[in-house]
Amino acid sequence: MIDLNGNAILDLDVGGESYAAPVITDIDGDNHKEIIGSGHRMERPKKNFIYIYTIHNSSGTPNAELVSGFPVGNVAGSSPAIADLDTAFPGLELVWGQNDGTVWAVHSDGTFVDGFPLRHGEFASNGSPAIGDVDSDGRPEIVIGTANRILLVIENNGQYKDGWPQQTRKITSSSPAIADINDDGRLEIFVGSTEGHFYGFDTNGSQLPGFPQETESQVYSPVIADINNDGILEAIVGSKDGNLYAWKTTTGEPVDGFPLDLGSPIYSSPIVGTDGNGNTLIGISTADEFHLYDLGPDT
Ligand SMILES: [Ca+2]
Ligand SMILES: [Ca+2]
Ligand SMILES: [Ca+2]
Ligand SMILES: [Ca+2]
């Protein structure tokens, strides 16, 4: 960890290489933030653990104490999702896919959430899970892909939600995105695959009208946003085929002007925002450049 002048203020030992982005949040509700990351143990048996370190002790001085109960697991190459999956237990829970074919959900003290781990038997995807109350029953679900054509929706008690898992073609290569595209209070699910398909499912596991869509190569994590101010959410995704796609989530039709040919492979997610004048901005990195588009205020 470094300060804004580039000086090291904390050195955290994660046992070797770290593949996933660290997250800083107050995970245990003690009003002091923790840093959550993963690290690869180099000696055999090689494992990629989740670590949580405290950042500040109660006097406010930088601190690098490993939180009791950690490290845990053998995570895939993704960051864990962090959410209050189990409201009966104080603080937030961590959820991730393991390379041994399981999904883990643990409390902020490293103990399992009741019903976990869930065993599905497939190698993990490199995408982080999405967590949200997809069926609007007051309890959150976990949406997570695997490396073998299966997309899972899991209740917070470790059981599959009715209608799930669902098949995709090839690996779900990216993190899923969840959003209510039709104002019925339930969340729809979008995810890309390594062979170029982009899927849309309703809460019950049925494919949405107009999906899947196809690109020529691997699709990365989507952003769901209304980029043309027509009141309909779009799914914006980059593909390794060099195009940035934007489809209307309600029909699968492309937004006017899309796909944008960026001329170079895309390996990341776009960022979508607005400037101070209400114009929609989209930023996207390709293998060699960063592109920023101003889509203006409306269609
Ligand atoms: Ca909790
Ligand atoms: Ca729910
Ligand atoms: Ca909905
Ligand atoms: Ca729109």
# chains A, B, ... in the order shown; residues from 1 in each chain; ligands from 1
>>> residues_around(residues="Ser136 (chain A)", least_positions_apart="4", cutoff="9 Å", atoms="only C-alpha atoms", output="list in words")
Gly132, Pro140, Gly185, Arg186 and Leu187 of chain A
>>> residues_near_ligand(ligand="ligand 3", cutoff="8 Å", atoms="only C-alpha atoms and all ligand atoms", output="number ranges by chain")
A: 179-188, 202-203
>>> residues_around(residues="Pro209 (chain A)", least_positions_apart="5", cutoff="8 Å", atoms="only C-alpha atoms", output="number ranges by chain")
A: 250-252
>>> residues_near_ligand(ligand="ligand 2", cutoff="6 Å", atoms="only C-alpha atoms and all ligand atoms", output="PyMOL selection string")
chain A and resi 133-141
>>> closest_residue(among="A:Pro80, A:Pro90, A:Gly37, A:Pro117", to="ligand 1", atoms="only C-alpha atoms and all ligand atoms")
A:Pro90
>>> residues_near_ligand(ligand="ligand 1", cutoff="6 Å", atoms="only C-alpha atoms and all ligand atoms", output="number ranges by chain")
A: 84-87, 89-93
>>> closest_atom_pairs(of="chain A", to="ligand 4", cutoff="7 Å", atoms="only C-alpha atoms and all ligand atoms", output="Markdown table")
| residue | atom | partner | partner_atom_place_in_ligand_line | distance |
| --- | --- | --- | --- | --- |
| A:Asp226 | CA | ligand 4 | 1 (Ca) | 3.8 |
| A:Ile227 | CA | ligand 4 | 1 (Ca) | 5.2 |
| A:Asn228 | CA | ligand 4 | 1 (Ca) | 4.6 |
| A:Asn229 | CA | ligand 4 | 1 (Ca) | 5.1 |
| A:Asp230 | CA | ligand 4 | 1 (Ca) | 4.6 |
| A:Gly231 | CA | ligand 4 | 1 (Ca) | 5.4 |
| A:Ile232 | CA | ligand 4 | 1 (Ca) | 4.0 |
| A:Leu233 | CA | ligand 4 | 1 (Ca) | 4.7 |
| A:Glu234 | CA | ligand 4 | 1 (Ca) | 5.4 |
| A:Lys248 | CA | ligand 4 | 1 (Ca) | 6.7 |
>>> residues_around(residues="Val153 (chain A)", least_positions_apart="6", cutoff="12 Å", atoms="only C-alpha atoms", output="JSON, numbers by chain")
{"A": [103, 118, 120, 129, 130, 131, 132, 133, 134, 135, 140, 141, 142, 143, 144, 145, 146, 159, 160, 161, 162, 163, 164, 165, 166, 167, 176, 178, 187, 188, 189, 201, 202, 203, 204, 205]}
>>> write_last_selection(atoms="N, CA and C atoms", output="CSV table (one decimal), in the first residue's frame")
chain,number,residue,atom,x,y,z
A,103,VAL,N,-18.3,-22.9,-4.7
A,103,VAL,CA,-18.5,-21.5,-4.4
A,103,VAL,C,-18.4,-21.3,-2.9
A,118,LEU,N,-20.8,-24.4,-1.7
A,118,LEU,CA,-21.7,-25.1,-2.6
A,118,LEU,C,-20.8,-25.8,-3.7
A,120,HIS,N,-20.4,-27.4,-7.2
A,120,HIS,CA,-20.9,-27.6,-8.6
A,120,HIS,C,-20.0,-28.4,-9.5
A,129,PRO,N,-18.3,-12.8,-8.8
A,129,PRO,CA,-19.8,-12.9,-8.8
A,129,PRO,C,-20.4,-11.6,-8.7
A,130,ALA,N,-21.7,-11.5,-9.1
A,130,ALA,CA,-22.6,-10.4,-8.8
A,130,ALA,C,-23.6,-10.8,-7.7
A,131,ILE,N,-23.9,-9.9,-6.8
A,131,ILE,CA,-24.8,-10.2,-5.7
A,131,ILE,C,-25.9,-9.2,-5.7
A,132,GLY,N,-27.2,-9.7,-5.7
A,132,GLY,CA,-28.3,-8.8,-5.6
A,132,GLY,C,-29.6,-9.6,-5.4
A,133,ASP,N,-30.7,-8.9,-5.0
A,133,ASP,CA,-31.9,-9.6,-4.8
A,133,ASP,C,-32.6,-9.7,-6.1
A,134,VAL,N,-32.2,-10.8,-6.9
A,134,VAL,CA,-32.7,-10.9,-8.3
A,134,VAL,C,-34.2,-11.1,-8.3
A,135,ASP,N,-34.8,-11.8,-7.3
A,135,ASP,CA,-36.2,-12.2,-7.4
A,135,ASP,C,-37.1,-11.4,-6.5
A,140,PRO,N,-30.8,-11.7,-0.7
A,140,PRO,CA,-29.9,-11.6,-1.9
A,140,PRO,C,-29.5,-13.0,-2.5
A,141,GLU,N,-29.3,-13.0,-3.8
A,141,GLU,CA,-28.7,-14.1,-4.5
A,141,GLU,C,-27.3,-13.8,-5.0
A,142,ILE,N,-26.6,-14.9,-5.3
A,142,ILE,CA,-25.3,-14.8,-5.9
A,142,ILE,C,-25.4,-15.3,-7.4
A,143,VAL,N,-24.9,-14.5,-8.3
A,143,VAL,CA,-24.8,-14.9,-9.7
A,143,VAL,C,-23.4,-15.1,-10.1
A,144,ILE,N,-23.0,-16.3,-10.6
A,144,ILE,CA,-21.6,-16.6,-10.8
A,144,ILE,C,-21.5,-17.6,-11.9
A,145,GLY,N,-20.5,-17.3,-12.8
A,145,GLY,CA,-20.2,-18.2,-13.9
A,145,GLY,C,-19.2,-19.2,-13.5
A,146,THR,N,-19.0,-20.2,-14.5
A,146,THR,CA,-18.0,-21.2,-14.3
A,146,THR,C,-17.2,-21.3,-15.6
A,159,GLN,N,-28.3,-22.9,-1.6
A,159,GLN,CA,-29.1,-23.7,-2.6
A,159,GLN,C,-29.3,-23.0,-3.9
A,160,TYR,N,-29.3,-23.8,-5.0
A,160,TYR,CA,-29.6,-23.2,-6.3
A,160,TYR,C,-31.0,-22.5,-6.3
A,161,LYS,N,-31.1,-21.4,-6.9
A,161,LYS,CA,-32.4,-20.8,-7.1
A,161,LYS,C,-33.2,-21.6,-8.1
A,162,ASP,N,-34.5,-21.7,-8.0
A,162,ASP,CA,-35.4,-22.4,-8.9
A,162,ASP,C,-35.1,-21.9,-10.3
A,163,GLY,N,-34.9,-22.8,-11.3
A,163,GLY,CA,-34.6,-22.4,-12.7
A,163,GLY,C,-33.2,-22.4,-13.0
A,164,TRP,N,-32.3,-22.6,-12.1
A,164,TRP,CA,-30.9,-22.5,-12.2
A,164,TRP,C,-30.2,-23.8,-11.7
A,165,PRO,N,-29.0,-24.1,-12.2
A,165,PRO,CA,-28.1,-23.4,-13.2
A,165,PRO,C,-28.7,-23.4,-14.6
A,166,GLN,N,-28.1,-22.5,-15.5
A,166,GLN,CA,-28.4,-22.5,-16.9
A,166,GLN,C,-27.1,-22.7,-17.7
A,167,GLN,N,-27.3,-23.3,-18.9
A,167,GLN,CA,-26.1,-23.5,-19.8
A,167,GLN,C,-25.8,-22.3,-20.6
A,176,PRO,N,-20.8,-11.3,-14.3
A,176,PRO,CA,-22.2,-11.0,-14.7
A,176,PRO,C,-22.6,-9.6,-14.3
A,178,ILE,N,-26.2,-7.4,-13.2
A,178,ILE,CA,-27.6,-7.6,-12.9
A,178,ILE,C,-28.3,-6.2,-12.9
A,187,LEU,N,-34.5,-8.6,-11.1
A,187,LEU,CA,-33.3,-8.2,-11.8
A,187,LEU,C,-33.0,-9.2,-12.9
A,188,GLU,N,-32.7,-8.7,-14.1
A,188,GLU,CA,-32.3,-9.5,-15.2
A,188,GLU,C,-30.7,-9.7,-15.2
A,189,ILE,N,-30.2,-10.7,-15.8
A,189,ILE,CA,-28.8,-11.1,-15.7
A,189,ILE,C,-28.2,-11.2,-17.1
A,201,PHE,N,-30.6,-13.3,-19.4
A,201,PHE,CA,-31.6,-14.2,-18.7
A,201,PHE,C,-32.5,-13.4,-17.9
A,202,ASP,N,-33.8,-13.9,-17.7
A,202,ASP,CA,-34.6,-13.3,-16.7
A,202,ASP,C,-34.4,-14.0,-15.4
A,203,THR,N,-35.0,-13.6,-14.3
A,203,THR,CA,-34.8,-14.1,-13.0
A,203,THR,C,-34.9,-15.6,-12.9
A,204,ASN,N,-35.9,-16.2,-13.7
A,204,ASN,CA,-36.2,-17.6,-13.6
A,204,ASN,C,-35.3,-18.4,-14.5
A,205,GLY,N,-34.4,-17.8,-15.2
A,205,GLY,CA,-33.5,-18.6,-16.1
A,205,GLY,C,-33.9,-18.7,-17.5
>>> residues_around(residues="Ser217 (chain A)", least_positions_apart="3", cutoff="10 Å", atoms="only C-alpha atoms", output="PDB file with C-alpha atoms, in the first residue's frame")
ATOM      1  CA  SER A 193     -18.591 -15.930 -22.912  1.00  0.00           C
ATOM      2  CA  THR A 194     -15.168 -16.738 -24.291  1.00  0.00           C
ATOM      3  CA  GLU A 195     -16.510 -17.760 -27.692  1.00  0.00           C
ATOM      4  CA  GLY A 196     -18.216 -14.412 -28.215  1.00  0.00           C
ATOM      5  CA  HIS A 197     -21.824 -14.859 -27.124  1.00  0.00           C
ATOM      6  CA  GLU A 214     -22.953 -12.746 -31.029  1.00  0.00           C
ATOM      7  CA  TYR A 220     -15.712  -8.965 -21.306  1.00  0.00           C
ATOM      8  CA  GLY A 238     -16.191  -4.808 -25.335  1.00  0.00           C
ATOM      9  CA  SER A 239     -15.078  -7.807 -27.395  1.00  0.00           C
ATOM     10  CA  LYS A 240     -11.669  -9.118 -28.295  1.00  0.00           C
ATOM     11  CA  ASP A 241     -12.879  -8.731 -31.912  1.00  0.00           C
ATOM     12  CA  GLY A 242     -12.095  -5.018 -31.535  1.00  0.00           C
ATOM     13  CA  ASN A 243     -15.687  -3.727 -31.366  1.00  0.00           C
ATOM     14  CA  PRO A 265      -8.675  -6.063 -29.377  1.00  0.00           C
ATOM     15  CA  ILE A 266     -10.541  -5.079 -26.192  1.00  0.00           C
TER      16      ILE A 266
END
>>> decode(residues="region 192-253 of chain A", atoms="C-alpha atoms", output="compact mmCIF listing (two decimals), in the first residue's frame")
# COMPACT_ATOMS: atom_id res chain seq x y z
CA GLY A 192 -20.47 -12.80 -21.85
CA SER A 193 -18.59 -15.93 -22.91
CA THR A 194 -15.17 -16.74 -24.29
CA GLU A 195 -16.51 -17.76 -27.69
CA GLY A 196 -18.22 -14.41 -28.21
CA HIS A 197 -21.82 -14.86 -27.12
CA PHE A 198 -23.51 -12.36 -24.84
CA TYR A 199 -26.41 -13.74 -22.82
CA GLY A 200 -29.44 -12.19 -21.18
CA PHE A 201 -31.59 -14.19 -18.74
CA ASP A 202 -34.63 -13.32 -16.71
CA THR A 203 -34.78 -14.08 -12.99
CA ASN A 204 -36.19 -17.57 -13.60
CA GLY A 205 -33.48 -18.64 -16.05
CA SER A 206 -35.32 -18.03 -19.35
CA GLN A 207 -33.39 -16.28 -22.12
CA LEU A 208 -34.51 -12.72 -22.75
CA PRO A 209 -35.96 -11.71 -26.14
CA GLY A 210 -33.15 -10.69 -28.51
CA PHE A 211 -30.46 -12.65 -26.65
CA PRO A 212 -27.93 -14.20 -26.90
CA GLN A 213 -26.11 -11.77 -29.17
CA GLU A 214 -22.95 -12.75 -31.03
CA THR A 215 -19.57 -11.14 -31.44
CA GLU A 216 -16.53 -12.60 -33.15
CA SER A 217 -14.44 -13.22 -30.02
CA GLN A 218 -14.29 -13.21 -26.24
CA VAL A 219 -16.67 -10.80 -24.49
CA TYR A 220 -15.71 -8.97 -21.31
CA SER A 221 -17.80 -7.74 -18.37
CA PRO A 222 -20.80 -5.60 -19.35
CA VAL A 223 -21.98 -2.25 -18.07
CA ILE A 224 -25.76 -1.76 -17.97
CA ALA A 225 -26.74 1.90 -18.43
CA ASP A 226 -29.05 4.15 -20.46
CA ILE A 227 -26.45 5.69 -22.76
CA ASN A 228 -28.88 7.47 -25.12
CA ASN A 229 -31.44 8.77 -22.61
CA ASP A 230 -34.39 6.96 -24.20
CA GLY A 231 -35.47 5.42 -20.88
CA ILE A 232 -34.27 1.93 -21.93
CA LEU A 233 -31.14 0.39 -20.42
CA GLU A 234 -28.42 -0.72 -22.80
CA ALA A 235 -25.80 -3.44 -22.32
CA ILE A 236 -22.39 -2.06 -23.29
CA VAL A 237 -19.63 -4.63 -23.81
CA GLY A 238 -16.19 -4.81 -25.34
CA SER A 239 -15.08 -7.81 -27.39
CA LYS A 240 -11.67 -9.12 -28.29
CA ASP A 241 -12.88 -8.73 -31.91
CA GLY A 242 -12.09 -5.02 -31.54
CA ASN A 243 -15.69 -3.73 -31.37
CA LEU A 244 -17.58 -1.96 -28.59
CA TYR A 245 -21.19 -3.17 -28.66
CA ALA A 246 -24.33 -1.56 -27.21
CA TRP A 247 -27.60 -3.49 -27.33
CA LYS A 248 -31.00 -2.45 -25.99
CA THR A 249 -31.59 -4.84 -23.12
CA THR A 250 -35.34 -5.04 -23.84
CA THR A 251 -35.00 -6.18 -27.47
CA GLY A 252 -31.36 -6.95 -28.26
CA GLU A 253 -31.35 -4.30 -31.02
